[in-house]
>>> print(open('model_20.pdb').read())   # PDB, C-alpha atoms, pLDDT in the B column
MODEL        1
ATOM      1  CA  MET A   1     -16.825 -15.838 -30.881  1.00 49.00           C
ATOM      2  CA  SER A   2     -17.774 -17.157 -34.260  1.00 50.00           C
ATOM      3  CA  ALA A   3     -21.007 -17.592 -36.203  1.00 52.00           C
ATOM      4  CA  ASN A   4     -22.210 -21.055 -37.149  1.00 55.00           C
ATOM      5  CA  ARG A   5     -24.565 -22.135 -39.971  1.00 58.00           C
ATOM      6  CA  ASN A   6     -27.730 -21.245 -38.072  1.00 57.00           C
ATOM      7  CA  GLY A   7     -26.554 -17.697 -37.529  1.00 55.00           C
ATOM      8  CA  SER A   8     -26.197 -18.114 -33.736  1.00 56.00           C
ATOM      9  CA  ARG A   9     -22.967 -17.392 -32.032  1.00 59.00           C
ATOM     10  CA  THR A  10     -20.918 -20.035 -30.200  1.00 58.00           C
ATOM     11  CA  ARG A  11     -18.138 -19.417 -27.755  1.00 59.00           C
ATOM     12  CA  SER A  12     -14.607 -20.151 -28.793  1.00 57.00           C
ATOM     13  CA  ARG A  13     -12.876 -22.592 -26.441  1.00 60.00           C
ATOM     14  CA  ARG A  14      -9.446 -21.248 -27.295  1.00 64.00           C
ATOM     15  CA  GLY A  15      -7.560 -19.823 -24.228  1.00 65.00           C
ATOM     16  CA  GLU A  16      -9.947 -21.206 -21.613  1.00 75.00           C
ATOM     17  CA  ILE A  17      -8.720 -23.389 -18.743  1.00 75.00           C
ATOM     18  CA  SER A  18     -10.573 -26.654 -18.451  1.00 85.00           C
ATOM     19  CA  THR A  19     -12.476 -27.620 -15.315  1.00 87.00           C
ATOM     20  CA  PRO A  20     -10.211 -30.593 -14.426  1.00 87.00           C
ATOM     21  CA  ILE A  21      -7.131 -28.325 -14.540  1.00 87.00           C
ATOM     22  CA  ILE A  22      -8.827 -25.797 -12.215  1.00 88.00           C
ATOM     23  CA  THR A  23      -9.773 -28.617  -9.837  1.00 90.00           C
ATOM     24  CA  ILE A  24      -6.196 -29.891  -9.750  1.00 91.00           C
ATOM     25  CA  LEU A  25      -4.781 -26.390  -9.105  1.00 90.00           C
ATOM     26  CA  VAL A  26      -7.236 -25.732  -6.259  1.00 92.00           C
ATOM     27  CA  THR A  27      -6.470 -29.133  -4.709  1.00 93.00           C
ATOM     28  CA  VAL A  28      -2.700 -28.547  -4.865  1.00 93.00           C
ATOM     29  CA  ALA A  29      -3.100 -25.087  -3.292  1.00 92.00           C
ATOM     30  CA  ALA A  30      -5.301 -26.490  -0.513  1.00 92.00           C
ATOM     31  CA  LEU A  31      -2.788 -29.257   0.223  1.00 92.00           C
ATOM     32  CA  ALA A  32       0.064 -26.730   0.358  1.00 91.00           C
ATOM     33  CA  VAL A  33      -1.802 -24.493   2.809  1.00 92.00           C
ATOM     34  CA  THR A  34      -2.751 -27.501   4.940  1.00 91.00           C
ATOM     35  CA  GLY A  35       0.872 -28.683   4.992  1.00 89.00           C
ATOM     36  CA  ILE A  36       2.093 -25.271   6.144  1.00 91.00           C
ATOM     37  CA  ALA A  37      -0.564 -25.118   8.875  1.00 89.00           C
ATOM     38  CA  VAL A  38       0.257 -28.624  10.155  1.00 88.00           C
ATOM     39  CA  SER A  39       3.976 -27.829  10.190  1.00 85.00           C
ATOM     40  CA  TRP A  40       3.369 -24.639  12.191  1.00 85.00           C
ATOM     41  CA  MET A  41       1.128 -26.464  14.698  1.00 84.00           C
ATOM     42  CA  LEU A  42       3.685 -29.224  15.241  1.00 81.00           C
ATOM     43  CA  SER A  43       6.553 -26.799  15.816  1.00 78.00           C
ATOM     44  CA  THR A  44       4.476 -24.634  18.161  1.00 75.00           C
ATOM     45  CA  GLY A  45       3.233 -27.664  20.078  1.00 70.00           C
ATOM     46  CA  ALA A  46       6.736 -29.066  20.488  1.00 65.00           C
ATOM     47  CA  ALA A  47       8.024 -25.738  21.808  1.00 62.00           C
ATOM     48  CA  ALA A  48       5.101 -25.396  24.223  1.00 61.00           C
ATOM     49  CA  ALA A  49       5.515 -28.933  25.519  1.00 63.00           C
ATOM     50  CA  ASN A  50       9.146 -28.329  26.506  1.00 67.00           C
ATOM     51  CA  GLN A  51       8.604 -25.823  29.324  1.00 73.00           C
ATOM     52  CA  GLY A  52       8.915 -25.654  33.042  1.00 77.00           C
ATOM     53  CA  ALA A  53       5.737 -25.048  35.010  1.00 87.00           C
ATOM     54  CA  LEU A  54       6.187 -23.910  38.590  1.00 92.00           C
ATOM     55  CA  MET A  55       3.741 -24.054  41.463  1.00 93.00           C
ATOM     56  CA  ILE A  56       4.009 -23.109  45.127  1.00 94.00           C
ATOM     57  CA  VAL A  57       3.495 -26.020  47.497  1.00 94.00           C
ATOM     58  CA  GLY A  58       2.150 -25.211  50.950  1.00 93.00           C
ATOM     59  CA  SER A  59       2.099 -21.740  52.491  1.00 94.00           C
ATOM     60  CA  PRO A  60       5.080 -19.407  52.154  1.00 96.00           C
ATOM     61  CA  VAL A  61       6.183 -17.850  55.454  1.00 97.00           C
ATOM     62  CA  VAL A  62       8.517 -15.022  56.414  1.00 96.00           C
ATOM     63  CA  GLN A  63      10.634 -15.249  59.555  1.00 95.00           C
ATOM     64  CA  GLU A  64      12.597 -12.095  60.386  1.00 91.00           C
ATOM     65  CA  ASN A  65      13.866 -11.064  56.913  1.00 92.00           C
ATOM     66  CA  THR A  66      13.890 -14.493  55.209  1.00 95.00           C
ATOM     67  CA  LEU A  67      11.171 -15.969  53.012  1.00 96.00           C
ATOM     68  CA  TYR A  68      10.703 -19.746  53.118  1.00 97.00           C
ATOM     69  CA  LEU A  69       8.691 -21.454  50.402  1.00 95.00           C
ATOM     70  CA  THR A  70       8.558 -24.743  48.521  1.00 96.00           C
ATOM     71  CA  VAL A  71       8.402 -24.623  44.743  1.00 95.00           C
ATOM     72  CA  ARG A  72       7.615 -27.612  42.539  1.00 95.00           C
ATOM     73  CA  ASN A  73       8.412 -27.822  38.833  1.00 92.00           C
ATOM     74  CA  ILE A  74       5.592 -29.803  37.217  1.00 90.00           C
ATOM     75  CA  GLY A  75       6.891 -29.125  33.708  1.00 86.00           C
ATOM     76  CA  ASN A  76       9.391 -31.090  31.646  1.00 85.00           C
ATOM     77  CA  ALA A  77      12.184 -28.476  31.493  1.00 87.00           C
ATOM     78  CA  ASN A  78      14.350 -26.927  34.187  1.00 91.00           C
ATOM     79  CA  ALA A  79      13.298 -23.523  35.539  1.00 92.00           C
ATOM     80  CA  SER A  80      15.608 -20.798  36.859  1.00 94.00           C
ATOM     81  CA  ILE A  81      14.540 -18.263  39.450  1.00 94.00           C
ATOM     82  CA  SER A  82      16.180 -14.881  38.928  1.00 95.00           C
ATOM     83  CA  SER A  83      14.590 -12.691  41.607  1.00 96.00           C
ATOM     84  CA  CYS A  84      11.851 -12.436  44.176  1.00 96.00           C
ATOM     85  CA  LEU A  85       9.682  -9.453  45.027  1.00 96.00           C
ATOM     86  CA  LEU A  86       8.044  -9.402  48.467  1.00 95.00           C
ATOM     87  CA  GLY A  87       6.045  -6.338  49.390  1.00 92.00           C
ATOM     88  CA  THR A  88       8.336  -3.467  48.410  1.00 92.00           C
ATOM     89  CA  TYR A  89      11.558  -5.455  48.804  1.00 95.00           C
ATOM     90  CA  ASN A  90      13.462  -7.255  46.076  1.00 95.00           C
ATOM     91  CA  ALA A  91      16.062 -10.029  46.309  1.00 96.00           C
ATOM     92  CA  THR A  92      18.041 -11.883  43.657  1.00 94.00           C
ATOM     93  CA  SER A  93      18.214 -15.651  43.426  1.00 91.00           C
ATOM     94  CA  THR A  94      20.144 -18.157  41.350  1.00 91.00           C
ATOM     95  CA  ASP A  95      18.095 -21.235  42.189  1.00 94.00           C
ATOM     96  CA  VAL A  96      17.345 -23.800  39.483  1.00 94.00           C
ATOM     97  CA  ILE A  97      14.488 -26.239  39.940  1.00 94.00           C
ATOM     98  CA  GLN A  98      14.883 -29.430  37.951  1.00 93.00           C
ATOM     99  CA  ALA A  99      11.965 -30.785  35.923  1.00 90.00           C
ATOM    100  CA  GLY A 100       9.670 -32.886  38.104  1.00 90.00           C
ATOM    101  CA  GLN A 101      11.441 -31.853  41.333  1.00 94.00           C
ATOM    102  CA  SER A 102      10.570 -29.737  44.369  1.00 95.00           C
ATOM    103  CA  LYS A 103      12.908 -27.373  46.173  1.00 96.00           C
ATOM    104  CA  VAL A 104      12.657 -25.486  49.453  1.00 96.00           C
ATOM    105  CA  LEU A 105      13.853 -21.923  48.904  1.00 95.00           C
ATOM    106  CA  SER A 106      15.050 -19.559  51.590  1.00 95.00           C
ATOM    107  CA  ILE A 107      15.412 -16.066  50.179  1.00 96.00           C
ATOM    108  CA  THR A 108      16.868 -13.350  52.406  1.00 95.00           C
ATOM    109  CA  PHE A 109      15.856  -9.725  51.934  1.00 95.00           C
ATOM    110  CA  SER A 110      18.730  -7.670  53.315  1.00 91.00           C
ATOM    111  CA  GLY A 111      17.674  -4.547  55.150  1.00 89.00           C
ATOM    112  CA  ALA A 112      14.017  -5.607  55.149  1.00 89.00           C
ATOM    113  CA  SER A 113      11.735  -5.137  58.106  1.00 89.00           C
ATOM    114  CA  PHE A 114       8.416  -6.992  57.961  1.00 93.00           C
ATOM    115  CA  VAL A 115       5.530  -6.515  60.399  1.00 92.00           C
ATOM    116  CA  THR A 116       4.629  -9.708  62.266  1.00 94.00           C
ATOM    117  CA  GLY A 117       1.119 -11.037  61.597  1.00 94.00           C
ATOM    118  CA  THR A 118       0.734  -9.460  58.154  1.00 95.00           C
ATOM    119  CA  ILE A 119       0.291 -11.114  54.794  1.00 95.00           C
ATOM    120  CA  LEU A 120       2.568  -9.876  52.014  1.00 95.00           C
ATOM    121  CA  LYS A 121       2.030 -10.266  48.297  1.00 96.00           C
ATOM    122  CA  GLY A 122       5.053 -11.400  46.348  1.00 96.00           C
ATOM    123  CA  SER A 123       6.225 -12.866  43.073  1.00 96.00           C
ATOM    124  CA  LEU A 124       8.993 -15.122  41.840  1.00 95.00           C
ATOM    125  CA  ASN A 125      10.523 -13.978  38.563  1.00 95.00           C
ATOM    126  CA  THR A 126      11.631 -17.001  36.548  1.00 93.00           C
ATOM    127  CA  ASP A 127      12.716 -17.783  33.012  1.00 90.00           C
ATOM    128  CA  GLN A 128       9.264 -19.394  32.614  1.00 86.00           C
ATOM    129  CA  GLY A 129       7.297 -16.331  33.727  1.00 89.00           C
ATOM    130  CA  ILE A 130       6.152 -14.660  36.933  1.00 93.00           C
ATOM    131  CA  LEU A 131       4.716 -16.765  39.771  1.00 94.00           C
ATOM    132  CA  PRO A 132       2.609 -14.735  42.253  1.00 95.00           C
ATOM    133  CA  PHE A 133       2.101 -15.781  45.897  1.00 96.00           C
ATOM    134  CA  SER A 134       1.151 -14.507  49.361  1.00 96.00           C
ATOM    135  CA  ALA A 135       3.335 -15.038  52.430  1.00 96.00           C
ATOM    136  CA  PHE A 136       2.487 -14.841  56.117  1.00 96.00           C
ATOM    137  CA  VAL A 137       4.950 -12.970  58.344  1.00 95.00           C
ATOM    138  CA  GLN A 138       5.612 -14.883  61.588  1.00 93.00           C
TER     139      GLN A 138
ENDMDL
END
>>> encode(input="model_20.pdb", output="structure tokens")
Amino acid sequence: MSANRNGSRTRSRRGEISTPIITILVTVAALAVTGIAVSWMLSTGAAAANQGALMIVGSPVVQENTLYLTVRNIGNANASISSCLLGTYNATSTDVIQAGQSKVLSITFSGASFVTGTILKGSLNTDQGILPFSAFVQ
């Protein structure tokens, strides 16, 4: 600071950043952050939109040791079924359900013995997640 003629002190403007420069820097930083956020949202949205979405159509039934069920892919990507768990039994599967299509699956559980008239909880393990269901044993 320096003294002027009246003996009061005035602030030196040397080394200070002007208000317009600060405004420009804040605006540029805000635009950069917004651009990064928009880019992330677009990439995440595109990845989420390209997925299979499976649903069970009708009521799954078990006859002897075979499970019969209809699965529909309401997504826009193919879905692969890798295995099926029914009660305490497990079976592998290599079925692929095309996007927008339905498929009747018959999955055999070798060595399984199911009690007629019961309802079993099960799940299909797919590359799109786990799809739970209940099946009636006939």
>>> resolve_selection(input="model_20.pdb", expression="the PyMOL selection byres ((chain A and resi 113) around 8)", output="number ranges by chain")
A: 64-65, 111-112, 114-115
>>> write_last_selection(input="model_20.pdb", atoms="C-alpha atoms", output="short mmCIF file (atom, residue, chain, number, x, y, z; two decimals), in the coordinates of the input")
data_model
loop_
_atom_site.label_atom_id
_atom_site.label_comp_id
_atom_site.auth_asym_id
_atom_site.auth_seq_id
_atom_site.Cartn_x
_atom_site.Cartn_y
_atom_site.Cartn_z
CA GLU A 64 12.60 -12.10 60.39
CA ASN A 65 13.87 -11.06 56.91
CA GLY A 111 17.67 -4.55 55.15
CA ALA A 112 14.02 -5.61 55.15
CA PHE A 114 8.42 -6.99 57.96
CA VAL A 115 5.53 -6.52 60.40
#
>>> residues_around(input="model_20.pdb", residues="Ile56 of chain A", least_positions_apart="2", cutoff="7 Å", atoms="all atoms listed in the file", output="list of chain:residue names")
A:Leu54, A:Gly58, A:Thr70, A:Val71, A:Arg72
>>> write_last_selection(input="model_20.pdb", atoms="C-alpha atoms", output="compact mmCIF listing (two decimals), in the frame of the given file")
# COMPACT_ATOMS: atom_id res chain seq x y z
CA LEU A 54 6.19 -23.91 38.59
CA GLY A 58 2.15 -25.21 50.95
CA THR A 70 8.56 -24.74 48.52
CA VAL A 71 8.40 -24.62 44.74
CA ARG A 72 7.62 -27.61 42.54
>>> closest_atom_pairs(input="model_20.pdb", of="segment 11-67 of chain A", to="segment 89-110 of chain A", cutoff="8 Å", atoms="all atoms listed in the file", output="Markdown table")
| residue | atom | partner | partner_atom | distance |
| --- | --- | --- | --- | --- |
| A:Gly52 | CA | A:Ala99 | CA | 6.6 |
| A:Asn65 | CA | A:Phe109 | CA | 5.5 |
| A:Thr66 | CA | A:Thr108 | CA | 4.2 |
| A:Leu67 | CA | A:Ile107 | CA | 5.1 |
>>> axis_aligned_box(input="model_20.pdb", around="segment 84-100 of chain A", padding_each_side="3 Å", output="lines of an AutoDock Vina configuration file")
center_x = 13.1
center_y = -18.2
center_z = 42.7
size_x = 20.1
size_y = 35.4
size_z = 19.5
>>> residues_near_point(input="model_20.pdb", point="(0.1, -20.4, 48.6)", cutoff="9 Å", atoms="only C-alpha atoms", output="ChimeraX atom specification")
/A:55-60,69,132-135
>>> atom_distance(input="model_20.pdb", atom1="atom CA of Ser83 of chain A", atom2="atom CA of Leu124 of chain A")
6.1 Å
>>> atom_distance(input="model_20.pdb", atom1="atom CA of Tyr68 of chain A", atom2="atom CA of Ser82 of chain A")
16.0 Å
>>> closest_residue(input="model_20.pdb", among="A:Leu25, A:Leu131, A:Leu31, A:Ile119", to="Cys84 of chain A", atoms="all atoms listed in the file")
A:Leu131
>>> atom_distance(input="model_20.pdb", atom1="atom CA of Asn78 of chain A", atom2="atom CA of Gly45 of chain A")
18.0 Å
>>> resolve_selection(input="model_20.pdb", expression="the PyMOL selection byres ((chain A and resi 75) around 6)", output="MDAnalysis selection string")
chainID A and resid 51:53 73:74 76:77 99
>>> resolve_selection(input="model_20.pdb", expression="the PyMOL selection byres ((chain A and resi 86) around 8)", output="PyMOL selection string")
chain A and resi 84-85+87-90+120-123
>>> decode(input="model_20.pdb", residues="segment 102-136 of chain A", atoms="N, CA and C atoms", output="PDB file, in the first residue's frame")
ATOM      1  N   SER A 102     -39.313 -64.641 -28.244  1.00  0.00           N
ATOM      2  CA  SER A 102     -39.671 -65.541 -27.146  1.00  0.00           C
ATOM      3  C   SER A 102     -39.148 -66.932 -27.480  1.00  0.00           C
ATOM      4  N   LYS A 103     -38.889 -67.713 -26.430  1.00  0.00           N
ATOM      5  CA  LYS A 103     -38.397 -69.067 -26.644  1.00  0.00           C
ATOM      6  C   LYS A 103     -38.932 -69.965 -25.534  1.00  0.00           C
ATOM      7  N   VAL A 104     -39.424 -71.144 -25.931  1.00  0.00           N
ATOM      8  CA  VAL A 104     -39.863 -72.136 -24.966  1.00  0.00           C
ATOM      9  C   VAL A 104     -38.646 -72.977 -24.601  1.00  0.00           C
ATOM     10  N   LEU A 105     -38.330 -72.996 -23.306  1.00  0.00           N
ATOM     11  CA  LEU A 105     -37.174 -73.761 -22.833  1.00  0.00           C
ATOM     12  C   LEU A 105     -37.654 -75.034 -22.160  1.00  0.00           C
ATOM     13  N   SER A 106     -36.941 -76.105 -22.386  1.00  0.00           N
ATOM     14  CA  SER A 106     -37.164 -77.342 -21.643  1.00  0.00           C
ATOM     15  C   SER A 106     -35.808 -77.731 -21.063  1.00  0.00           C
ATOM     16  N   ILE A 107     -35.703 -77.612 -19.758  1.00  0.00           N
ATOM     17  CA  ILE A 107     -34.435 -77.849 -19.071  1.00  0.00           C
ATOM     18  C   ILE A 107     -34.595 -79.094 -18.210  1.00  0.00           C
ATOM     19  N   THR A 108     -33.745 -80.090 -18.473  1.00  0.00           N
ATOM     20  CA  THR A 108     -33.810 -81.362 -17.758  1.00  0.00           C
ATOM     21  C   THR A 108     -32.814 -81.372 -16.609  1.00  0.00           C
ATOM     22  N   PHE A 109     -33.296 -81.776 -15.449  1.00  0.00           N
ATOM     23  CA  PHE A 109     -32.464 -81.895 -14.251  1.00  0.00           C
ATOM     24  C   PHE A 109     -32.202 -83.381 -14.024  1.00  0.00           C
ATOM     25  N   SER A 110     -31.026 -83.848 -14.445  1.00  0.00           N
ATOM     26  CA  SER A 110     -30.729 -85.267 -14.322  1.00  0.00           C
ATOM     27  C   SER A 110     -30.595 -85.675 -12.854  1.00  0.00           C
ATOM     28  N   GLY A 111     -31.213 -86.793 -12.534  1.00  0.00           N
ATOM     29  CA  GLY A 111     -31.162 -87.310 -11.179  1.00  0.00           C
ATOM     30  C   GLY A 111     -32.102 -86.617 -10.220  1.00  0.00           C
ATOM     31  N   ALA A 112     -32.924 -85.707 -10.713  1.00  0.00           N
ATOM     32  CA  ALA A 112     -33.829 -84.947  -9.836  1.00  0.00           C
ATOM     33  C   ALA A 112     -35.115 -85.722  -9.606  1.00  0.00           C
ATOM     34  N   SER A 113     -35.662 -85.530  -8.437  1.00  0.00           N
ATOM     35  CA  SER A 113     -36.937 -86.135  -8.077  1.00  0.00           C
ATOM     36  C   SER A 113     -37.780 -85.056  -7.399  1.00  0.00           C
ATOM     37  N   PHE A 114     -38.825 -84.602  -8.093  1.00  0.00           N
ATOM     38  CA  PHE A 114     -39.666 -83.532  -7.574  1.00  0.00           C
ATOM     39  C   PHE A 114     -40.998 -84.102  -7.104  1.00  0.00           C
ATOM     40  N   VAL A 115     -41.526 -83.553  -6.023  1.00  0.00           N
ATOM     41  CA  VAL A 115     -42.790 -84.012  -5.450  1.00  0.00           C
ATOM     42  C   VAL A 115     -43.953 -83.346  -6.178  1.00  0.00           C
ATOM     43  N   THR A 116     -44.854 -84.179  -6.721  1.00  0.00           N
ATOM     44  CA  THR A 116     -46.008 -83.677  -7.457  1.00  0.00           C
ATOM     45  C   THR A 116     -46.886 -82.799  -6.563  1.00  0.00           C
ATOM     46  N   GLY A 117     -47.374 -81.685  -7.137  1.00  0.00           N
ATOM     47  CA  GLY A 117     -48.266 -80.786  -6.421  1.00  0.00           C
ATOM     48  C   GLY A 117     -47.556 -79.693  -5.636  1.00  0.00           C
ATOM     49  N   THR A 118     -46.242 -79.653  -5.681  1.00  0.00           N
ATOM     50  CA  THR A 118     -45.507 -78.620  -4.945  1.00  0.00           C
ATOM     51  C   THR A 118     -45.133 -77.473  -5.881  1.00  0.00           C
ATOM     52  N   ILE A 119     -44.784 -76.374  -5.269  1.00  0.00           N
ATOM     53  CA  ILE A 119     -44.297 -75.214  -6.023  1.00  0.00           C
ATOM     54  C   ILE A 119     -42.838 -75.010  -5.634  1.00  0.00           C
ATOM     55  N   LEU A 120     -41.975 -74.981  -6.638  1.00  0.00           N
ATOM     56  CA  LEU A 120     -40.535 -74.827  -6.410  1.00  0.00           C
ATOM     57  C   LEU A 120     -40.084 -73.437  -6.822  1.00  0.00           C
ATOM     58  N   LYS A 121     -39.199 -72.878  -6.050  1.00  0.00           N
ATOM     59  CA  LYS A 121     -38.575 -71.600  -6.419  1.00  0.00           C
ATOM     60  C   LYS A 121     -37.343 -71.915  -7.255  1.00  0.00           C
ATOM     61  N   GLY A 122     -37.131 -71.091  -8.278  1.00  0.00           N
ATOM     62  CA  GLY A 122     -35.990 -71.300  -9.149  1.00  0.00           C
ATOM     63  C   GLY A 122     -35.450 -69.985  -9.672  1.00  0.00           C
ATOM     64  N   SER A 123     -34.363 -70.087 -10.419  1.00  0.00           N
ATOM     65  CA  SER A 123     -33.785 -68.891 -11.042  1.00  0.00           C
ATOM     66  C   SER A 123     -33.029 -69.279 -12.301  1.00  0.00           C
ATOM     67  N   LEU A 124     -33.124 -68.410 -13.288  1.00  0.00           N
ATOM     68  CA  LEU A 124     -32.333 -68.552 -14.513  1.00  0.00           C
ATOM     69  C   LEU A 124     -31.137 -67.623 -14.389  1.00  0.00           C
ATOM     70  N   ASN A 125     -29.952 -68.165 -14.561  1.00  0.00           N
ATOM     71  CA  ASN A 125     -28.733 -67.358 -14.531  1.00  0.00           C
ATOM     72  C   ASN A 125     -28.365 -67.008 -15.966  1.00  0.00           C
ATOM     73  N   THR A 126     -28.360 -65.716 -16.266  1.00  0.00           N
ATOM     74  CA  THR A 126     -28.104 -65.248 -17.626  1.00  0.00           C
ATOM     75  C   THR A 126     -26.953 -64.253 -17.626  1.00  0.00           C
ATOM     76  N   ASP A 127     -26.509 -63.890 -18.817  1.00  0.00           N
ATOM     77  CA  ASP A 127     -25.470 -62.866 -18.921  1.00  0.00           C
ATOM     78  C   ASP A 127     -26.034 -61.475 -18.632  1.00  0.00           C
ATOM     79  N   GLN A 128     -27.349 -61.371 -18.467  1.00  0.00           N
ATOM     80  CA  GLN A 128     -28.000 -60.098 -18.144  1.00  0.00           C
ATOM     81  C   GLN A 128     -28.434 -60.025 -16.683  1.00  0.00           C
ATOM     82  N   GLY A 129     -28.148 -61.069 -15.917  1.00  0.00           N
ATOM     83  CA  GLY A 129     -28.529 -61.090 -14.508  1.00  0.00           C
ATOM     84  C   GLY A 129     -29.268 -62.362 -14.151  1.00  0.00           C
ATOM     85  N   ILE A 130     -29.863 -62.374 -12.965  1.00  0.00           N
ATOM     86  CA  ILE A 130     -30.579 -63.542 -12.467  1.00  0.00           C
ATOM     87  C   ILE A 130     -32.076 -63.264 -12.548  1.00  0.00           C
ATOM     88  N   LEU A 131     -32.829 -64.218 -13.105  1.00  0.00           N
ATOM     89  CA  LEU A 131     -34.267 -64.079 -13.277  1.00  0.00           C
ATOM     90  C   LEU A 131     -34.963 -65.113 -12.378  1.00  0.00           C
ATOM     91  N   PRO A 132     -35.573 -64.670 -11.268  1.00  0.00           N
ATOM     92  CA  PRO A 132     -36.252 -65.618 -10.376  1.00  0.00           C
ATOM     93  C   PRO A 132     -37.645 -65.999 -10.896  1.00  0.00           C
ATOM     94  N   PHE A 133     -38.105 -67.198 -10.503  1.00  0.00           N
ATOM     95  CA  PHE A 133     -39.439 -67.669 -10.890  1.00  0.00           C
ATOM     96  C   PHE A 133     -39.891 -68.751  -9.909  1.00  0.00           C
ATOM     97  N   SER A 134     -41.152 -69.132 -10.024  1.00  0.00           N
ATOM     98  CA  SER A 134     -41.722 -70.262  -9.282  1.00  0.00           C
ATOM     99  C   SER A 134     -42.325 -71.207 -10.297  1.00  0.00           C
ATOM    100  N   ALA A 135     -42.173 -72.513 -10.071  1.00  0.00           N
ATOM    101  CA  ALA A 135     -42.686 -73.517 -11.000  1.00  0.00           C
ATOM    102  C   ALA A 135     -43.539 -74.533 -10.262  1.00  0.00           C
ATOM    103  N   PHE A 136     -44.636 -74.913 -10.881  1.00  0.00           N
ATOM    104  CA  PHE A 136     -45.543 -75.908 -10.315  1.00  0.00           C
ATOM    105  C   PHE A 136     -45.140 -77.292 -10.829  1.00  0.00           C
TER     106      PHE A 136
END
